[in-house]
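Asks: My structure is stored as entry-v3.pdb, with PDB, C-alpha atoms, pLDDT in the B column.
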ATOM      1  CA  MET P   1      24.385  28.830  -7.121  1.00 48.00           C
ATOM      2  CA  GLU P   2      22.870  25.369  -7.541  1.00 49.00           C
ATOM      3  CA  PRO P   3      23.314  23.565 -10.816  1.00 53.00           C
ATOM      4  CA  HIS P   4      20.139  23.066 -12.827  1.00 50.00           C
ATOM      5  CA  ARG P   5      18.362  19.843 -11.885  1.00 49.00           C
ATOM      6  CA  GLU P   6      15.906  17.955 -13.996  1.00 52.00           C
ATOM      7  CA  CYS P   7      12.543  17.773 -12.284  1.00 48.00           C
ATOM      8  CA  GLU P   8       9.907  15.201 -12.942  1.00 55.00           C
ATOM      9  CA  VAL P   9       6.632  16.687 -14.076  1.00 55.00           C
ATOM     10  CA  MET P  10       3.573  14.708 -13.059  1.00 63.00           C
ATOM     11  CA  THR P  11       0.394  15.354 -14.969  1.00 74.00           C
ATOM     12  CA  SER P  12      -3.042  15.079 -13.406  1.00 86.00           C
ATOM     13  CA  ASP P  13      -3.437  11.758 -15.252  1.00 89.00           C
ATOM     14  CA  VAL P  14      -0.551  10.293 -13.257  1.00 91.00           C
ATOM     15  CA  TYR P  15      -2.079  11.455  -9.973  1.00 93.00           C
ATOM     16  CA  VAL P  16      -5.461  10.008 -10.933  1.00 94.00           C
ATOM     17  CA  GLU P  17      -3.915   6.659 -11.929  1.00 94.00           C
ATOM     18  CA  ASP P  18      -1.973   6.517  -8.637  1.00 94.00           C
ATOM     19  CA  ALA P  19      -5.123   7.343  -6.670  1.00 95.00           C
ATOM     20  CA  LYS P  20      -7.133   4.705  -8.558  1.00 96.00           C
ATOM     21  CA  ALA P  21      -4.469   2.049  -7.917  1.00 94.00           C
ATOM     22  CA  TRP P  22      -4.201   2.954  -4.231  1.00 96.00           C
ATOM     23  CA  THR P  23      -7.981   2.857  -3.855  1.00 97.00           C
ATOM     24  CA  ARG P  24      -8.120  -0.615  -5.375  1.00 95.00           C
ATOM     25  CA  THR P  25      -5.213  -1.771  -3.196  1.00 94.00           C
ATOM     26  CA  LEU P  26      -6.755  -0.474   0.035  1.00 96.00           C
ATOM     27  CA  GLU P  27     -10.221  -1.850  -0.688  1.00 96.00           C
ATOM     28  CA  ASP P  28      -8.962  -5.237  -1.850  1.00 95.00           C
ATOM     29  CA  TYR P  29      -6.632  -5.561   1.142  1.00 93.00           C
ATOM     30  CA  GLU P  30      -9.412  -4.692   3.586  1.00 94.00           C
ATOM     31  CA  ALA P  31     -11.871  -7.045   1.873  1.00 96.00           C
ATOM     32  CA  ARG P  32      -9.388  -9.928   1.876  1.00 93.00           C
ATOM     33  CA  TYR P  33      -8.156  -9.573   5.454  1.00 90.00           C
ATOM     34  CA  ALA P  34     -11.469  -8.625   7.065  1.00 93.00           C
ATOM     35  CA  GLY P  35     -13.511 -11.128   5.059  1.00 95.00           C
ATOM     36  CA  LEU P  36     -15.779  -8.436   3.637  1.00 95.00           C
ATOM     37  CA  THR P  37     -17.215  -7.597   0.273  1.00 96.00           C
ATOM     38  CA  VAL P  38     -15.476  -4.778  -1.577  1.00 96.00           C
ATOM     39  CA  VAL P  39     -18.471  -2.503  -0.904  1.00 96.00           C
ATOM     40  CA  ALA P  40     -18.296  -3.155   2.856  1.00 97.00           C
ATOM     41  CA  ALA P  41     -14.512  -2.794   2.797  1.00 97.00           C
ATOM     42  CA  ARG P  42     -14.879   0.541   0.983  1.00 97.00           C
ATOM     43  CA  LYS P  43     -16.879   1.923   3.917  1.00 97.00           C
ATOM     44  CA  ARG P  44     -14.168   0.871   6.373  1.00 96.00           C
ATOM     45  CA  VAL P  45     -11.378   2.272   4.213  1.00 97.00           C
ATOM     46  CA  ALA P  46     -13.230   5.568   3.776  1.00 97.00           C
ATOM     47  CA  ARG P  47     -13.598   5.887   7.540  1.00 97.00           C
ATOM     48  CA  GLN P  48      -9.950   4.909   8.148  1.00 95.00           C
ATOM     49  CA  ILE P  49      -8.449   7.436   5.745  1.00 96.00           C
ATOM     50  CA  GLY P  50     -11.045  10.181   6.164  1.00 96.00           C
ATOM     51  CA  VAL P  51     -12.601  10.432   2.719  1.00 96.00           C
ATOM     52  CA  SER P  52     -16.139   9.836   1.525  1.00 96.00           C
ATOM     53  CA  VAL P  53     -17.330   6.468   0.303  1.00 97.00           C
ATOM     54  CA  GLY P  54     -18.446   8.141  -2.923  1.00 96.00           C
ATOM     55  CA  THR P  55     -14.932   9.411  -3.581  1.00 96.00           C
ATOM     56  CA  LEU P  56     -13.516   5.890  -3.309  1.00 97.00           C
ATOM     57  CA  GLU P  57     -16.333   4.513  -5.465  1.00 96.00           C
ATOM     58  CA  ASN P  58     -15.636   7.122  -8.154  1.00 96.00           C
ATOM     59  CA  LEU P  59     -11.924   6.378  -8.110  1.00 96.00           C
ATOM     60  CA  ARG P  60     -12.509   2.650  -8.399  1.00 95.00           C
ATOM     61  CA  ASN P  61     -15.293   2.620 -10.982  1.00 94.00           C
ATOM     62  CA  ARG P  62     -14.818   5.791 -12.995  1.00 92.00           C
ATOM     63  CA  SER P  63     -12.000   7.936 -14.349  1.00 85.00           C
ATOM     64  CA  PRO P  64     -12.137  11.386 -12.800  1.00 91.00           C
ATOM     65  CA  LYS P  65     -10.235  14.129 -14.603  1.00 91.00           C
ATOM     66  CA  ALA P  66      -8.312  15.088 -11.466  1.00 92.00           C
ATOM     67  CA  VAL P  67      -7.901  14.148  -7.830  1.00 93.00           C
ATOM     68  CA  ALA P  68      -7.715  16.661  -4.994  1.00 93.00           C
ATOM     69  CA  ALA P  69      -4.352  16.932  -3.264  1.00 93.00           C
ATOM     70  CA  HIS P  70      -5.760  16.053   0.158  1.00 94.00           C
ATOM     71  CA  ILE P  71      -7.445  12.917  -1.236  1.00 95.00           C
ATOM     72  CA  TYR P  72      -4.201  11.907  -2.942  1.00 95.00           C
ATOM     73  CA  ALA P  73      -2.244  12.429   0.291  1.00 96.00           C
ATOM     74  CA  ARG P  74      -4.716  10.437   2.386  1.00 96.00           C
ATOM     75  CA  LEU P  75      -4.724   7.534  -0.061  1.00 97.00           C
ATOM     76  CA  LYS P  76      -0.921   7.502  -0.165  1.00 96.00           C
ATOM     77  CA  ALA P  77      -0.701   7.597   3.637  1.00 96.00           C
ATOM     78  CA  GLY P  78      -3.280   4.806   3.878  1.00 96.00           C
ATOM     79  CA  VAL P  79      -1.288   2.574   1.547  1.00 95.00           C
ATOM     80  CA  ILE P  80       1.914   3.271   3.447  1.00 94.00           C
ATOM     81  CA  ARG P  81       0.193   2.363   6.747  1.00 93.00           C
ATOM     82  CA  LYS P  82      -1.083  -0.910   5.265  1.00 92.00           C
ATOM     83  CA  LEU P  83       2.372  -1.770   3.900  1.00 92.00           C
ATOM     84  CA  GLU P  84       3.978  -1.006   7.254  1.00 93.00           C
ATOM     85  CA  LYS P  85       1.382  -3.142   9.038  1.00 92.00           C
ATOM     86  CA  GLU P  86       2.015  -6.009   6.635  1.00 90.00           C
ATOM     87  CA  LEU P  87       5.791  -5.617   7.077  1.00 92.00           C
ATOM     88  CA  THR P  88       5.360  -5.867  10.858  1.00 94.00           C
ATOM     89  CA  ARG P  89       3.342  -9.070  10.393  1.00 91.00           C
ATOM     90  CA  VAL P  90       5.961 -10.548   8.063  1.00 91.00           C
ATOM     91  CA  GLU P  91       8.807  -9.585  10.416  1.00 92.00           C
ATOM     92  CA  HIS P  92       6.938 -11.385  13.210  1.00 93.00           C
ATOM     93  CA  GLU P  93       6.577 -14.510  11.052  1.00 89.00           C
ATOM     94  CA  LEU P  94      10.289 -14.391  10.317  1.00 88.00           C
ATOM     95  CA  GLN P  95      11.104 -14.055  14.013  1.00 90.00           C
ATOM     96  CA  ILE P  96       8.922 -17.061  14.822  1.00 89.00           C
ATOM     97  CA  ALA P  97      10.603 -19.089  12.055  1.00 85.00           C
ATOM     98  CA  ARG P  98      14.045 -18.201  13.440  1.00 83.00           C
ATOM     99  CA  GLN P  99      13.031 -19.076  16.999  1.00 87.00           C
ATOM    100  CA  SER P 100      11.596 -22.409  15.922  1.00 86.00           C
ATOM    101  CA  GLY P 101      14.914 -23.318  14.303  1.00 84.00           C
ATOM    102  CA  SER P 102      13.656 -23.344  10.726  1.00 79.00           C
ATOM    103  CA  HIS P 103      16.407 -23.657   8.167  1.00 78.00           C
ATOM    104  CA  PRO P 104      16.910 -20.522   6.007  1.00 74.00           C
ATOM    105  CA  ALA P 105      16.549 -22.653   2.863  1.00 77.00           C
ATOM    106  CA  ASP P 106      13.123 -23.912   3.981  1.00 79.00           C
ATOM    107  CA  GLY P 107      10.358 -23.008   1.518  1.00 81.00           C
ATOM    108  CA  GLU P 108       8.246 -21.206   4.114  1.00 82.00           C
ATOM    109  CA  VAL P 109      11.196 -19.119   5.290  1.00 82.00           C
ATOM    110  CA  GLN P 110      12.049 -18.264   1.695  1.00 86.00           C
ATOM    111  CA  ALA P 111       8.448 -17.172   1.062  1.00 87.00           C
ATOM    112  CA  VAL P 112       8.513 -14.925   4.151  1.00 85.00           C
ATOM    113  CA  LEU P 113      11.858 -13.445   3.080  1.00 87.00           C
ATOM    114  CA  ALA P 114      10.480 -12.777  -0.407  1.00 89.00           C
ATOM    115  CA  SER P 115       7.420 -11.040   1.083  1.00 86.00           C
ATOM    116  CA  ARG P 116       9.666  -8.976   3.314  1.00 88.00           C
ATOM    117  CA  SER P 117      11.829  -7.974   0.367  1.00 88.00           C
ATOM    118  CA  ARG P 118       8.797  -6.900  -1.718  1.00 86.00           C
ATOM    119  CA  LEU P 119       7.370  -4.868   1.158  1.00 85.00           C
ATOM    120  CA  CYS P 120      10.693  -3.157   1.851  1.00 86.00           C
ATOM    121  CA  GLU P 121      10.999  -2.304  -1.833  1.00 86.00           C
ATOM    122  CA  ALA P 122       7.455  -0.913  -1.958  1.00 81.00           C
ATOM    123  CA  LEU P 123       8.196   1.240   1.090  1.00 80.00           C
ATOM    124  CA  GLY P 124      11.496   2.398  -0.370  1.00 81.00           C
ATOM    125  CA  LEU P 125      13.499   0.821   2.436  1.00 81.00           C
ATOM    126  CA  ASN P 126      16.847  -0.843   2.058  1.00 72.00           C
ATOM    127  CA  ASP P 127      16.148  -4.526   2.536  1.00 53.00           C
ATOM    128  CA  VAL P 128      18.346  -5.733   5.355  1.00 53.00           C
ATOM    129  CA  SER P 129      19.491  -9.309   4.806  1.00 51.00           C
ATOM    130  CA  ALA P 130      18.086 -12.014   7.025  1.00 47.00           C
TER     131      ALA P 130
END
What is this structure when it is put down as C-alpha cells?
Replies:
Amino acid sequence: MEPHRECEVMTSDVYVEDAKAWTRTLEDYEARYAGLTVVAARKRVARQIGVSVGTLENLRNRSPKAVAAHIYARLKAGVIRKLEKELTRVEHELQIARQSGSHPADGEVQAVLASRSRLCEALGLNDVSA
C-alpha cells in the first residue's frame, strides 16, 4: 500500500492566470520576433496553437471564470515550443561563440549563458554547465 501523498490542488483561478500569462507570452514573443502588432501576432498565435482569435483576446483583455482543458493544454504546449525554439537559438549562439574563440568571461558569452540557464530553468531541465 502506498503511503499517503500530499497533492497540490489547483483552482480554476490558477488555471486562468496561467492561461492569461501564457497568452501574453506567446503574443508578445510573436509580435517582437515577427515585427508585428499584438493584434496581428494574436492571429498567428491562434493559427499556430489551434484556438480562436477571440479566445486569445478574451484571455488577454478579460478575466474569464474558467479555461477549457484543451485550451490550457494548447497554450502550455505553445509556450513550451517557443521556449525550446529559443533554447535552440541560444545554444547555436553559444556554439558560434565557442568556435570563434570567445573567452568564457566575455560579456556576450556570459549573457548567452545566462539566457540558456533561464530557458533551461523554465523548461525544467537541468542546466548543463558550459
Asks: Counting only C-alpha atoms, what is within 12 Å of stretch 56-60 of chain P, bar same-chain residues fewer than 4 positions away, as a compact mmCIF listing (two decimals) with C-alpha atoms, in the frame of the given file?
Replies:
# COMPACT_ATOMS: atom_id res chain seq x y z
CA TYR P 15 -2.08 11.46 -9.97
CA VAL P 16 -5.46 10.01 -10.93
CA GLU P 17 -3.92 6.66 -11.93
CA ASP P 18 -1.97 6.52 -8.64
CA ALA P 19 -5.12 7.34 -6.67
CA LYS P 20 -7.13 4.70 -8.56
CA ALA P 21 -4.47 2.05 -7.92
CA TRP P 22 -4.20 2.95 -4.23
CA THR P 23 -7.98 2.86 -3.86
CA ARG P 24 -8.12 -0.62 -5.38
CA THR P 25 -5.21 -1.77 -3.20
CA LEU P 26 -6.76 -0.47 0.04
CA GLU P 27 -10.22 -1.85 -0.69
CA ASP P 28 -8.96 -5.24 -1.85
CA VAL P 38 -15.48 -4.78 -1.58
CA VAL P 39 -18.47 -2.50 -0.90
CA ALA P 40 -18.30 -3.16 2.86
CA ALA P 41 -14.51 -2.79 2.80
CA ARG P 42 -14.88 0.54 0.98
CA LYS P 43 -16.88 1.92 3.92
CA ARG P 44 -14.17 0.87 6.37
CA VAL P 45 -11.38 2.27 4.21
CA ALA P 46 -13.23 5.57 3.78
CA ARG P 47 -13.60 5.89 7.54
CA ILE P 49 -8.45 7.44 5.74
CA GLY P 50 -11.04 10.18 6.16
CA VAL P 51 -12.60 10.43 2.72
CA SER P 52 -16.14 9.84 1.52
CA PRO P 64 -12.14 11.39 -12.80
CA LYS P 65 -10.24 14.13 -14.60
CA ALA P 66 -8.31 15.09 -11.47
CA VAL P 67 -7.90 14.15 -7.83
CA ALA P 68 -7.72 16.66 -4.99
CA ILE P 71 -7.44 12.92 -1.24
CA TYR P 72 -4.20 11.91 -2.94
CA ARG P 74 -4.72 10.44 2.39
CA LEU P 75 -4.72 7.53 -0.06
Asks: Report, in Å with one decimal, the straight-line distance from atom CA of P:Tyr33 to atom CA of P:Ile80.
Replies: 16.4 Å
Asks: Determine the residue membership of the PyMOL selection byres ((chain P and resi 97) around 12) for the file above and supply it as a list in words.
Replies: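 Output of the PyMOL selection byres ((chain P and resi 97) around 12): Val90, Glu91, His92, Glu93, Leu94, Gln95, Ile96, Arg98, Gln99, Ser100, Gly101, Ser102, His103, Pro104, Ala105, Asp106, Gly107, Glu108, Val109, Gln110, Ala111, Val112, Leu113 and Ala130 of chain P.
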Asks: Point out the residue among P:Glu84, P:Asn61, P:Val53, P:Thr37 with the least atom-to-atom distance to P:Gly124, counting all atoms listed in the file.
Replies: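 That would be P:Glu84, the residue with the smallest distance to P:Gly124.
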Asks: One number please: atom CA of P:Ser117 to atom CA of P:Leu87, in Å, one decimal.
Replies: 9.3 Å
Asks: Quick one: apply the PyMOL selection byres ((chain P and resi 119) around 8) to the file and drop the selected residues here as a PyMOL selection string.
Replies: chain P and resi 83-84+86-87+115-118+120-123
Asks: Name the closest residue to P:Thr55 among the candidates P:Asn126, P:Gly35, P:His70, P:Arg89; distances are taken between atoms, counting all atoms listed in the file.
Replies: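 Closest candidate: P:His70.
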Asks: Interatomic distance between atom CA of P:Ala114 and atom CA of P:Lys82?
Replies: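 Straight-line distance from atom CA of P:Ala114 to atom CA of P:Lys82 works out to 17.5 Å.
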